[in-house]
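Asks: Structure below; questions to follow.
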Amino acid sequence: MTALNLSVQLAPGNKRGLLLANPVMTASGTFGYGTEYAEVIDIQRLGAIICKGTTLKPRPGNPQPRLWETAAGVLNSIGMENIGINALIQEKAPLWAKWKVPVIVNILGESIEDYAKLARHLDKVAGISGLEVNISCPNTSAGGMEFGASPKSAAEVTAAVKAKTTLPVIVKLSPNVTNIAEIACAVADAGADAISLINTLKGMAINTASRKPVLGNVSGGLSGPAIKPVALYMVYQVARKVKVPVIGCGGIASANDALEFIMAGASAVQVGTANFTNPCTPLDIIDGIERFMKKGGIRNLSELIGAAL
Ligand SMILES: Cc1cc2nc3c(=O)[nH]c(=O)nc-3n(C[C@H](O)[C@H](O)[C@H](O)COP(=O)(O)O)c2cc1C
């Protein structure tokens, strides 16, 4: 049998394109800057790495505690702790420029101008292959989810970013909305090259001994296996409506999980919380998808994308 083709083009409408050797990426905030894992796994085998959410200025994040394990998931209220865009450009991008695996930078602003500035500064930086626009973070008091909550503001951020960059632009949607497909359509119409979903679902936990919320920030974002069926259905709903590539995320921990998302219409997937229990998960998923394809006599991943739609 000829070689399997797992490659995917995530920005077919963009001159620079975003070609991945396989559809398995790491989700923002769960894989640092990639450098932390370079000694642990063969990161160059990944389809792409999405780095930690990045803001114009460095941020210390929210008060502790910021992580809480729940039944089949995790609540986090990290609040975008990060080194800021200047340190990312000076310290991280030069390392990424030497890598085979594409690195995509997840950006977050407190205003539309912030998103535009981030896009402009990152545009010509060697080592950066794309931007993921986070309009879905539930853990910041300004910016993030508030822009992803309405089709109008989601489209405005997308258009502002697109105007300032030649890089492929992925827009990351929030599940904490009434009609995610409507927001996906607005973002696609505003020029997004691809759409990723979902970010975390808002939630909380209470310590019954102290009678107080567990998280320092009161609420947090739920991720992990608990959210997989929600994420899968949202990917299905969005993939039926938009023409741009869709990237699925939410509770993916096995090749079978990833294949469900691909069959629901995702061209690629992101692995998040599962990295905390086993950093080899994304590589195991690539191997598992290959085994599934070999067993079924499937040569091109494209034969599986949207198979359940
Ligand atoms: C600790 C933690 C930090 C995260 N930080 C970010 C972030 O900086 N930017 C972002 O867009 N999403 C962030 N996310 C959301 C994940 O990228 C992903 O969308 C979500 O966790 C669902 O996927 P999962 O269930 O596989 O973890 C974070 C998630 C966790 C658990």
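Letters A, B, ... mark the chains of the structure tokens in the order given; residue numbers begin at 1 per chain; ligand numbers begin at 1, in order shown.
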Counting only C-alpha atoms, what is within 12 Å of region 39-44 of chain A, bar same-chain residues fewer than 6 positions away, as number ranges by chain?
Replies: A: 20-22, 24-26, 31, 33, 50, 96, 98-103, 275, 278-284
Asks: Neighbours of ligand 1 at 7 Å or closer, counting only C-alpha atoms and all ligand atoms: which residues, as a compact mmCIF listing (two decimals) with N, CA, C and O atoms, in the first residue's frame?
Replies:
# COMPACT_ATOMS: atom_id res chain seq x y z
N ALA A 27 -3.19 22.11 22.27
CA ALA A 27 -4.08 23.25 22.54
C ALA A 27 -3.37 24.31 23.38
O ALA A 27 -2.56 23.99 24.26
N SER A 28 -3.72 25.56 23.12
CA SER A 28 -3.10 26.69 23.83
C SER A 28 -3.27 26.57 25.35
O SER A 28 -4.33 26.21 25.85
N GLY A 29 -2.19 26.88 26.05
CA GLY A 29 -2.22 26.91 27.51
C GLY A 29 -1.97 25.57 28.16
O GLY A 29 -1.88 25.48 29.38
N THR A 30 -1.84 24.54 27.35
CA THR A 30 -1.63 23.19 27.92
C THR A 30 -0.30 22.60 27.48
O THR A 30 0.02 21.46 27.81
N LYS A 52 1.04 29.15 24.48
CA LYS A 52 0.30 29.83 25.55
C LYS A 52 -0.32 31.13 25.05
O LYS A 52 0.30 31.83 24.24
N GLY A 53 -1.46 31.48 25.55
CA GLY A 53 -2.09 32.74 25.19
C GLY A 53 -1.16 33.91 25.48
O GLY A 53 -0.54 33.96 26.55
N VAL A 74 -11.17 19.28 34.46
CA VAL A 74 -10.39 20.22 35.25
C VAL A 74 -11.02 21.59 35.13
O VAL A 74 -11.48 21.98 34.06
N ASN A 76 -10.00 25.53 35.39
CA ASN A 76 -8.83 26.39 35.52
C ASN A 76 -9.25 27.85 35.47
O ASN A 76 -10.21 28.22 34.79
N ILE A 78 -6.52 30.30 35.20
CA ILE A 78 -5.15 30.81 35.11
C ILE A 78 -5.16 32.33 34.86
O ILE A 78 -4.36 33.06 35.43
N MET A 80 -4.56 33.96 31.91
CA MET A 80 -3.61 34.42 30.89
C MET A 80 -2.26 34.86 31.44
O MET A 80 -1.67 35.83 30.96
N ASN A 106 -1.24 32.02 20.04
CA ASN A 106 -2.58 32.34 20.53
C ASN A 106 -2.53 33.75 21.12
O ASN A 106 -1.72 34.04 22.00
N ASN A 134 -7.84 34.43 20.30
CA ASN A 134 -8.63 33.94 21.43
C ASN A 134 -9.70 34.97 21.78
O ASN A 134 -9.42 35.96 22.45
N SER A 136 -12.33 33.87 23.38
CA SER A 136 -13.12 32.89 24.12
C SER A 136 -12.61 32.59 25.51
O SER A 136 -13.09 31.66 26.16
N CYS A 137 -11.63 33.39 26.02
CA CYS A 137 -11.08 33.09 27.35
C CYS A 137 -12.09 33.48 28.42
O CYS A 137 -12.51 34.64 28.49
N LYS A 172 -10.67 31.37 17.57
CA LYS A 172 -11.08 30.34 18.54
C LYS A 172 -12.35 30.76 19.27
O LYS A 172 -12.38 31.78 19.96
N LEU A 197 -12.61 25.39 17.84
CA LEU A 197 -13.58 25.36 18.92
C LEU A 197 -13.52 23.98 19.58
O LEU A 197 -13.23 23.00 18.87
N ILE A 198 -13.67 23.93 20.92
CA ILE A 198 -14.16 24.97 21.78
C ILE A 198 -13.12 25.33 22.84
O ILE A 198 -12.23 24.52 23.15
N ASN A 199 -13.24 26.54 23.38
CA ASN A 199 -12.51 26.89 24.59
C ASN A 199 -13.29 26.27 25.77
O ASN A 199 -14.22 25.50 25.56
N THR A 200 -12.94 26.62 26.97
CA THR A 200 -13.54 25.97 28.14
C THR A 200 -14.96 26.48 28.43
O THR A 200 -15.33 27.58 28.05
N SER A 223 -12.56 21.88 31.36
CA SER A 223 -11.99 21.20 30.19
C SER A 223 -11.87 19.72 30.51
O SER A 223 -12.18 19.30 31.61
N GLY A 224 -11.42 18.94 29.52
CA GLY A 224 -11.22 17.51 29.75
C GLY A 224 -12.38 16.68 29.23
O GLY A 224 -13.32 17.21 28.60
N PRO A 225 -12.35 15.34 29.50
CA PRO A 225 -13.36 14.43 28.93
C PRO A 225 -14.80 14.86 29.19
O PRO A 225 -15.69 14.59 28.37
N ILE A 227 -16.22 17.57 28.78
CA ILE A 227 -16.81 18.50 27.80
C ILE A 227 -16.83 17.92 26.38
O ILE A 227 -17.30 18.59 25.45
N LYS A 228 -16.33 16.70 26.21
CA LYS A 228 -16.18 16.19 24.84
C LYS A 228 -17.49 16.13 24.04
O LYS A 228 -17.53 16.62 22.90
N CYS A 249 -11.69 20.76 19.32
CA CYS A 249 -10.96 20.72 20.60
C CYS A 249 -11.95 20.56 21.73
O CYS A 249 -13.03 21.16 21.70
N GLY A 250 -11.58 19.77 22.73
CA GLY A 250 -12.44 19.60 23.89
C GLY A 250 -12.49 18.15 24.32
O GLY A 250 -13.20 17.35 23.71
N GLY A 251 -11.69 17.81 25.31
CA GLY A 251 -11.74 16.46 25.88
C GLY A 251 -11.13 15.37 25.02
O GLY A 251 -11.35 14.18 25.28
N ILE A 252 -10.36 15.73 24.04
CA ILE A 252 -9.77 14.70 23.16
C ILE A 252 -8.59 14.04 23.88
O ILE A 252 -7.64 14.71 24.28
N GLN A 270 -7.16 19.56 18.38
CA GLN A 270 -6.22 20.03 19.40
C GLN A 270 -6.38 19.19 20.65
O GLN A 270 -7.51 18.91 21.06
N VAL A 271 -5.24 18.84 21.24
CA VAL A 271 -5.24 18.07 22.49
C VAL A 271 -4.82 19.00 23.61
O VAL A 271 -3.75 19.63 23.53
N GLY A 272 -5.64 19.11 24.66
CA GLY A 272 -5.36 20.05 25.75
C GLY A 272 -5.09 19.35 27.06
O GLY A 272 -3.98 18.87 27.32
N THR A 273 -6.13 19.23 27.89
CA THR A 273 -6.01 18.70 29.25
C THR A 273 -5.32 17.33 29.29
O THR A 273 -4.60 17.03 30.24
N ALA A 274 -5.52 16.53 28.27
CA ALA A 274 -4.91 15.18 28.25
C ALA A 274 -3.38 15.25 28.32
O ALA A 274 -2.73 14.31 28.80
Asks: Which is closer to Met234 (chain A) than all the others in A:Ile298, A:Ala160, A:Ile112, A:Ile195, using only C-alpha atoms?
Replies: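 Closest to Met234 (chain A) of all the choices is A:Ile195.
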Asks: Separation of CA of Ala154 (chain A) and CA of Ile135 (chain A), in Å?
Replies: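 Computed distance, CA of Ala154 (chain A) to CA of Ile135 (chain A), equals 7.1 Å.
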Asks: Identify which of the residues A:Gly79, A:Gly144, A:Gly265, A:Pro245 lies closest to Gly61 (chain A), counting only C-alpha atoms when measuring atom-to-atom distances.
Replies: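 The shortest atom-to-atom distance to Gly61 (chain A) comes from A:Gly79.
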Asks: Fewer than 3 positions away in the same chain doesn't count, so skip those; otherwise give me all residues within 10 Å of Gly216 (chain A), counting only C-alpha atoms, as a ChimeraX atom specification.
Replies: /A:62-67,77-78,212-213,219-220
Asks: Write the residues of the selection above to a file with all heavy atoms, as a PDB file, in the first residue's frame.
Replies:
ATOM      1  N   ASN A  62      -4.368  35.153  37.474  1.00  0.00           N
ATOM      2  CA  ASN A  62      -5.325  35.319  38.576  1.00  0.00           C
ATOM      3  C   ASN A  62      -4.772  34.787  39.897  1.00  0.00           C
ATOM      4  O   ASN A  62      -3.804  34.027  39.912  1.00  0.00           O
ATOM      5  CB  ASN A  62      -6.622  34.547  38.236  1.00  0.00           C
ATOM      6  CG  ASN A  62      -7.445  35.280  37.190  1.00  0.00           C
ATOM      7  OD1 ASN A  62      -7.431  36.500  37.125  1.00  0.00           O
ATOM      8  ND2 ASN A  62      -8.140  34.523  36.366  1.00  0.00           N
ATOM      9  N   PRO A  63      -5.436  35.146  41.039  1.00  0.00           N
ATOM     10  CA  PRO A  63      -4.994  34.620  42.338  1.00  0.00           C
ATOM     11  C   PRO A  63      -5.150  33.091  42.426  1.00  0.00           C
ATOM     12  O   PRO A  63      -6.034  32.525  41.789  1.00  0.00           O
ATOM     13  CB  PRO A  63      -5.922  35.317  43.345  1.00  0.00           C
ATOM     14  CG  PRO A  63      -7.023  35.926  42.556  1.00  0.00           C
ATOM     15  CD  PRO A  63      -6.561  36.093  41.149  1.00  0.00           C
ATOM     16  N   GLN A  64      -4.272  32.470  43.244  1.00  0.00           N
ATOM     17  CA  GLN A  64      -4.354  31.023  43.489  1.00  0.00           C
ATOM     18  C   GLN A  64      -5.535  30.740  44.431  1.00  0.00           C
ATOM     19  O   GLN A  64      -5.929  31.644  45.169  1.00  0.00           O
ATOM     20  CB  GLN A  64      -3.052  30.523  44.142  1.00  0.00           C
ATOM     21  CG  GLN A  64      -1.810  30.800  43.333  1.00  0.00           C
ATOM     22  CD  GLN A  64      -1.587  29.768  42.238  1.00  0.00           C
ATOM     23  OE1 GLN A  64      -2.357  28.816  42.086  1.00  0.00           O
ATOM     24  NE2 GLN A  64      -0.540  29.962  41.447  1.00  0.00           N
ATOM     25  N   PRO A  65      -6.077  29.511  44.496  1.00  0.00           N
ATOM     26  CA  PRO A  65      -5.810  28.405  43.593  1.00  0.00           C
ATOM     27  C   PRO A  65      -6.436  28.625  42.208  1.00  0.00           C
ATOM     28  O   PRO A  65      -7.481  29.267  42.105  1.00  0.00           O
ATOM     29  CB  PRO A  65      -6.458  27.207  44.303  1.00  0.00           C
ATOM     30  CG  PRO A  65      -7.193  27.699  45.474  1.00  0.00           C
ATOM     31  CD  PRO A  65      -6.993  29.171  45.586  1.00  0.00           C
ATOM     32  N   ARG A  66      -5.758  28.075  41.173  1.00  0.00           N
ATOM     33  CA  ARG A  66      -6.206  28.329  39.796  1.00  0.00           C
ATOM     34  C   ARG A  66      -6.530  27.043  39.033  1.00  0.00           C
ATOM     35  O   ARG A  66      -6.914  27.089  37.876  1.00  0.00           O
ATOM     36  CB  ARG A  66      -5.119  29.106  39.042  1.00  0.00           C
ATOM     37  CG  ARG A  66      -4.670  30.340  39.797  1.00  0.00           C
ATOM     38  CD  ARG A  66      -3.832  31.256  38.967  1.00  0.00           C
ATOM     39  NE  ARG A  66      -2.574  30.674  38.538  1.00  0.00           N
ATOM     40  CZ  ARG A  66      -1.594  31.383  37.994  1.00  0.00           C
ATOM     41  NH1 ARG A  66      -1.731  32.684  37.814  1.00  0.00           N
ATOM     42  NH2 ARG A  66      -0.480  30.802  37.624  1.00  0.00           N
ATOM     43  N   LEU A  67      -6.305  25.910  39.675  1.00  0.00           N
ATOM     44  CA  LEU A  67      -6.599  24.621  39.008  1.00  0.00           C
ATOM     45  C   LEU A  67      -7.337  23.736  39.986  1.00  0.00           C
ATOM     46  O   LEU A  67      -6.948  23.648  41.163  1.00  0.00           O
ATOM     47  CB  LEU A  67      -5.299  23.916  38.625  1.00  0.00           C
ATOM     48  CG  LEU A  67      -4.692  24.144  37.247  1.00  0.00           C
ATOM     49  CD1 LEU A  67      -3.453  23.280  37.107  1.00  0.00           C
ATOM     50  CD2 LEU A  67      -5.674  23.876  36.106  1.00  0.00           C
ATOM     51  N   SER A  77      -8.502  28.652  36.225  1.00  0.00           N
ATOM     52  CA  SER A  77      -8.738  30.107  36.170  1.00  0.00           C
ATOM     53  C   SER A  77      -7.375  30.800  36.109  1.00  0.00           C
ATOM     54  O   SER A  77      -7.092  31.706  36.874  1.00  0.00           O
ATOM     55  CB  SER A  77      -9.527  30.581  37.385  1.00  0.00           C
ATOM     56  OG  SER A  77      -8.806  30.286  38.562  1.00  0.00           O
ATOM     57  N   ILE A  78      -6.519  30.304  35.199  1.00  0.00           N
ATOM     58  CA  ILE A  78      -5.145  30.811  35.105  1.00  0.00           C
ATOM     59  C   ILE A  78      -5.156  32.327  34.860  1.00  0.00           C
ATOM     60  O   ILE A  78      -4.358  33.060  35.432  1.00  0.00           O
ATOM     61  CB  ILE A  78      -4.368  30.102  33.964  1.00  0.00           C
ATOM     62  CG1 ILE A  78      -4.404  28.567  34.135  1.00  0.00           C
ATOM     63  CG2 ILE A  78      -2.926  30.621  33.874  1.00  0.00           C
ATOM     64  CD1 ILE A  78      -3.646  28.001  35.278  1.00  0.00           C
ATOM     65  N   LYS A 212     -16.752  28.384  50.810  1.00  0.00           N
ATOM     66  CA  LYS A 212     -16.297  29.402  49.851  1.00  0.00           C
ATOM     67  C   LYS A 212     -15.962  28.731  48.516  1.00  0.00           C
ATOM     68  O   LYS A 212     -15.632  27.548  48.467  1.00  0.00           O
ATOM     69  CB  LYS A 212     -15.033  30.070  50.386  1.00  0.00           C
ATOM     70  CG  LYS A 212     -15.251  30.864  51.634  1.00  0.00           C
ATOM     71  CD  LYS A 212     -14.362  32.106  51.628  1.00  0.00           C
ATOM     72  CE  LYS A 212     -14.883  33.144  52.584  1.00  0.00           C
ATOM     73  NZ  LYS A 212     -14.910  32.717  53.970  1.00  0.00           N
ATOM     74  N   PRO A 213     -15.994  29.538  47.427  1.00  0.00           N
ATOM     75  CA  PRO A 213     -15.559  28.986  46.146  1.00  0.00           C
ATOM     76  C   PRO A 213     -14.116  28.486  46.245  1.00  0.00           C
ATOM     77  O   PRO A 213     -13.300  29.084  46.941  1.00  0.00           O
ATOM     78  CB  PRO A 213     -15.655  30.174  45.188  1.00  0.00           C
ATOM     79  CG  PRO A 213     -16.616  31.107  45.822  1.00  0.00           C
ATOM     80  CD  PRO A 213     -16.459  30.926  47.303  1.00  0.00           C
ATOM     81  N   SER A 219     -14.911  31.660  39.593  1.00  0.00           N
ATOM     82  CA  SER A 219     -15.276  30.751  38.502  1.00  0.00           C
ATOM     83  C   SER A 219     -14.043  30.423  37.657  1.00  0.00           C
ATOM     84  O   SER A 219     -13.010  31.091  37.744  1.00  0.00           O
ATOM     85  CB  SER A 219     -16.345  31.385  37.613  1.00  0.00           C
ATOM     86  OG  SER A 219     -15.774  32.463  36.902  1.00  0.00           O
ATOM     87  N   GLY A 220     -14.196  29.385  36.835  1.00  0.00           N
ATOM     88  CA  GLY A 220     -13.092  28.983  35.962  1.00  0.00           C
ATOM     89  C   GLY A 220     -13.649  28.360  34.697  1.00  0.00           C
ATOM     90  O   GLY A 220     -14.856  28.428  34.425  1.00  0.00           O
TER      91      GLY A 220
END
Asks: Extract, using only C-alpha atoms, all DNA, RNA and protein residues at most 10 Å from Gln90 (chain A), discarding same-chain residues fewer than 5 positions from it, and format them as a PyMOL selection string.
Replies: chain A and resi 85+95+125
Asks: Next, the residues of the selection above should be written as a compact mmCIF listing (two decimals), in the first residue's frame with N, CA and C atoms.
Replies:
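Contents of again_11.txt, as written:
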# COMPACT_ATOMS: atom_id res chain seq x y z
N ILE A 85 4.27 39.84 24.55
CA ILE A 85 4.66 39.66 23.15
C ILE A 85 6.15 39.95 22.89
N LEU A 95 13.88 30.24 18.56
CA LEU A 95 13.99 28.78 18.75
C LEU A 95 13.03 28.08 17.79
N VAL A 125 7.49 37.90 11.88
CA VAL A 125 8.46 37.27 12.79
C VAL A 125 8.74 35.83 12.34
Asks: Ala268 (chain A): which residues within 7 Å, counting only C-alpha atoms, same-chain residues fewer than 3 positions away excluded, as a ChimeraX atom specification?
Replies: /A:23-24,247-248,262
Asks: Could the residues in this selection be saved with N, CA and C atoms as a CSV table (one decimal), in the first residue's frame?
Replies:
chain,number,residue,atom,x,y,z
A,23,PRO,N,-3.0,16.0,11.4
A,23,PRO,CA,-4.0,16.9,12.0
A,23,PRO,C,-4.0,17.1,13.5
A,24,VAL,N,-2.9,16.6,14.2
A,24,VAL,CA,-2.9,16.7,15.6
A,24,VAL,C,-2.1,17.8,16.2
A,247,ILE,N,-11.3,23.4,13.3
A,247,ILE,CA,-10.4,22.6,14.2
A,247,ILE,C,-11.1,22.3,15.5
A,248,GLY,N,-11.2,21.0,15.8
A,248,GLY,CA,-12.0,20.5,16.9
A,248,GLY,C,-11.1,20.4,18.2
A,262,ILE,N,-13.1,14.5,13.7
A,262,ILE,CA,-12.8,14.6,12.2
A,262,ILE,C,-14.0,14.2,11.4
Asks: Hey, which of A:Val242, A:Met204, A:Ile305, A:Ala72 ends up closest to Asn139 (chain A)? Count only C-alpha atoms.
Replies: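 Comparing A:Val242, A:Met204, A:Ile305, A:Ala72 against Asn139 (chain A), the winner is A:Met204.
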Asks: Of the candidates A:Ala231, A:Val269, A:Val169, A:Ile180, which one gets nearest to Lys15 (chain A) if we count only C-alpha atoms?
Replies: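 Comparing A:Ala231, A:Val269, A:Val169, A:Ile180 against Lys15 (chain A), the winner is A:Val169.
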Asks: Please report, as a VMD selection string, each residue of region 71-284 of chain A to which DSSP assigns alpha helix (DSSP H) when run on this structure's backbone.
Replies: chain A and resid 85 to 87 93 to 96 112 to 122 145 to 148 151 to 164 180 to 189 228 to 239 255 to 263 274 to 277 281 to 284
